[in-house]
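For reference, the structure is listed below as structure tokens.
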Amino acid sequence: MTKFDTLIAVMITATWGFNFSLLKVSTVLHDPWLVAFMRFFLCAVPFCFFVPKPNLPWHKLALYGSLFGGAFWGMVNLGIVLGVSAGMASLLVQFTAFSSVVLGVIYFKESFGLSKKIGCSVALMSVLSMLLIADGSVSIFGVCAILFAAVACSLSNVVLKELKTDNLLSLLVYGCGFASMALLVICVFTGALDNISSSLLSQSDLFYFAILFQAYIGTLLTYWLWNGLICKYELTQVVPMCLLVPVFGMAASSVFFDETIGVFKLAACALLIVGLVIIFFGTNIYLWLANSKQSRNNANS
């Protein structure tokens with residue numbers, strides 16, 4: 001990637017990392033399902049009135065939006081409420097890469113070579129080790145919710161790949177519209193709408209800043225820019241930049257919530273990142289090492 005696009009990618013990942021702290025703020029102050037509904041409703045309205053609908057069937061837009069907004073971010077919010085810290089949430093969401101590989105093998109019949117098998121095994125070990133963290137930043141139910149969210153995100157990527165559309169902003173706007181509908185139904189059944197008027201009127205300016213930031217910066221702007229990079233470059237050049245998200249997420253959580261980052265937590269984080277690096281670059285690393293060894297042997301002979 002060019003230096004400018006690399007800078008854009010770093011800024012996007014920094015925004016996403018910081019966004020997890022704002023998720024923590026907003027879900028502490030209000031119901032997680034209602035927070036998710038407000039976020040995606042603001043992403044869709046009023047933009048859906050002047051952004052043209054993508055040339056896609058309504059049911060596919062509904063499926064993408066429900067998976068991306070409802071299942072993915074709704075469950076991330078729930079996981080944070082259930083006890084996962086903002087920093088750990090930003091790390092656990094990277095499980096999406098692991099589940100994406102598995103879904104790619106199952107759905108698209110993609111190859112599942114040795115490097116992917118090793119990388120997935122290491123990544124899975126890291127997630128299991130996170131369940132042993134006992135500093136109050138992780139809960140079993142919260143981890144399960146975010147892992148479910150990661151799988152939902154992978155499924156939304158499968159749907160996105162099947163849609164094959166170039167109008168990504170339009171897809172995002174209308175997808176967020178369907179996401180807000182799905183989340184509204186959940187809000188009705190969970191009682192999140194009870195006394196909503198008085199509850200919202202009593203919220204602080206920080207709550208509304210968090211919601212607006214999540215909607216317009218953390219979703220519309222960053223995903224529009226990110227999708228542009230995905231279309232411009234190969235996936236192997238862009239997707240690994242997501243490894244920076246937990247770095248920024250942990251840093252922000254440490255600053256705003258005094259989250260302790262101990263040795264065990266750092267080891268679990270490092271294990272996950274190593275697993276993802278093996279998944280994305282394992283074959284290239286092996287070839288580089290083999291070529292280096294061959295070059296040394298030729299030089300010595």
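Within each chain, counting starts at residue 1; across the structure tokens, chains are named A, B, ... in the order shown, with ligands numbered 1 upward in that order.
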
Spatial neighbours of stretch 14-18 of chain A, 10 Å, only C-alpha atoms, chain gap at least 3 places, as a PyMOL selection string: chain A and resi 8-11+21-23+86-87+89-91+213-214+217-219+222-223+242+244-253+256

(Q) Considering only helix (DSSP H, G or I) as DSSP defines it on the backbone, what residues of stretch 18-139 of chain A qualify? List them as JSON, numbers by chain. (A) {"A": [18, 19, 20, 21, 22, 23, 24, 25, 26, 27, 28, 29, 32, 33, 34, 35, 36, 37, 38, 39, 40, 41, 42, 43, 44, 47, 48, 49, 58, 59, 60, 61, 62, 63, 64, 65, 66, 67, 68, 69, 70, 71, 72, 73, 74, 75, 76, 77, 78, 79, 80, 81, 86, 87, 88, 89, 90, 91, 92, 95, 96, 97, 98, 99, 100, 101, 102, 103, 104, 105, 106, 107, 114, 115, 116, 117, 118, 119, 120, 121, 122, 123, 124, 125, 126, 127, 128, 129, 130]}

Tell me, as a ChimeraX atom specification, which residues lie within 10 Å of stretch 33-45 of chain A, counting only C-alpha atoms; anything in the same chain fewer than 2 positions away does not count.
/A:23,26-27,29-31,47-51,65,69-70,72-78,170,172-188,190-193,196,207,210-221

Can you pull out the residues contacting A:Val151? Cut-off 8 Å, using only C-alpha atoms, and skip same-chain residues under 5 positions away; I want them as an NGL selection string.
:A and (72 or 95-96 or 99-100)

Give me the stretch 67-145 of chain A side of the contact with stretch 268-290 of chain A, cut-off 9 Å, one line per residue showing its nearest atom pair and distance in Å at one decimal, counting only C-alpha atoms, sorted by chain and residue number, as CSV.
```
residue,atom,partner,partner_atom,distance
A:Met88,CA,A:Cys269,CA,8.8
A:Leu91,CA,A:Cys269,CA,7.2
A:Leu92,CA,A:Leu272,CA,8.8
A:Gln94,CA,A:Leu272,CA,8.3
A:Phe95,CA,A:Leu272,CA,8.3
A:Ala97,CA,A:Leu276,CA,7.1
A:Phe98,CA,A:Leu276,CA,7.4
A:Val101,CA,A:Ile279,CA,8.4
A:Gly113,CA,A:Thr283,CA,8.8
A:Leu114,CA,A:Thr283,CA,8.5
A:Ser115,CA,A:Gly282,CA,5.0
A:Lys116,CA,A:Ile279,CA,4.6
A:Lys117,CA,A:Ile279,CA,7.8
A:Ile118,CA,A:Ile278,CA,7.2
A:Gly119,CA,A:Gly275,CA,4.2
A:Cys120,CA,A:Gly275,CA,6.2
A:Ser121,CA,A:Gly275,CA,7.4
A:Val122,CA,A:Gly275,CA,4.9
A:Ala123,CA,A:Gly275,CA,4.6
A:Leu124,CA,A:Leu272,CA,7.7
A:Met125,CA,A:Leu271,CA,7.8
A:Ser126,CA,A:Ala268,CA,5.1
A:Val127,CA,A:Leu272,CA,7.2
A:Leu128,CA,A:Ala268,CA,8.9
A:Ser129,CA,A:Ala268,CA,6.3
A:Met130,CA,A:Ala268,CA,6.2
```

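Distance-wise, atom CA of A:Gly79 and atom CA of A:Ile146 end up 5.5 Å apart.
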
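Look at A:Lys60: the protein and nucleic acid residues within 10 Å of it, using only C-alpha atoms and passing over chain neighbours fewer than 2 places away, are Leu56, Pro57, Trp58, Ala62, Leu63, Tyr64, Gly65, Ser66, Val159, Leu160, Glu162, Leu163 and Gly175 of chain A.
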
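Using only C-alpha atoms, the shortest contact distance between A:Val81 and any of A:Lys232, A:Lys3, A:Lys24, A:Lys293 is found at A:Lys24.
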
- Message: As an exercise, work out the distance from atom CA of A:Ala71 to atom CA of A:Met241 in Å and give it to one decimal place.
- Response: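 Straight-line distance from atom CA of A:Ala71 to atom CA of A:Met241 works out to 23.5 Å.
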
Practice task
Have a look at atom CA of A:Val263 and atom CA of A:Ser139 and let me know their distance in Å, one decimal.
Solution key: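 Value for the atom CA of A:Val263-atom CA of A:Ser139 distance: 18.3 Å.
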
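Residue nearest A:Trp224 within the list A:Leu169, A:Ala267, A:Ile261, A:Val93: A:Leu169 [criterion: smallest interatomic distance, only C-alpha atoms].
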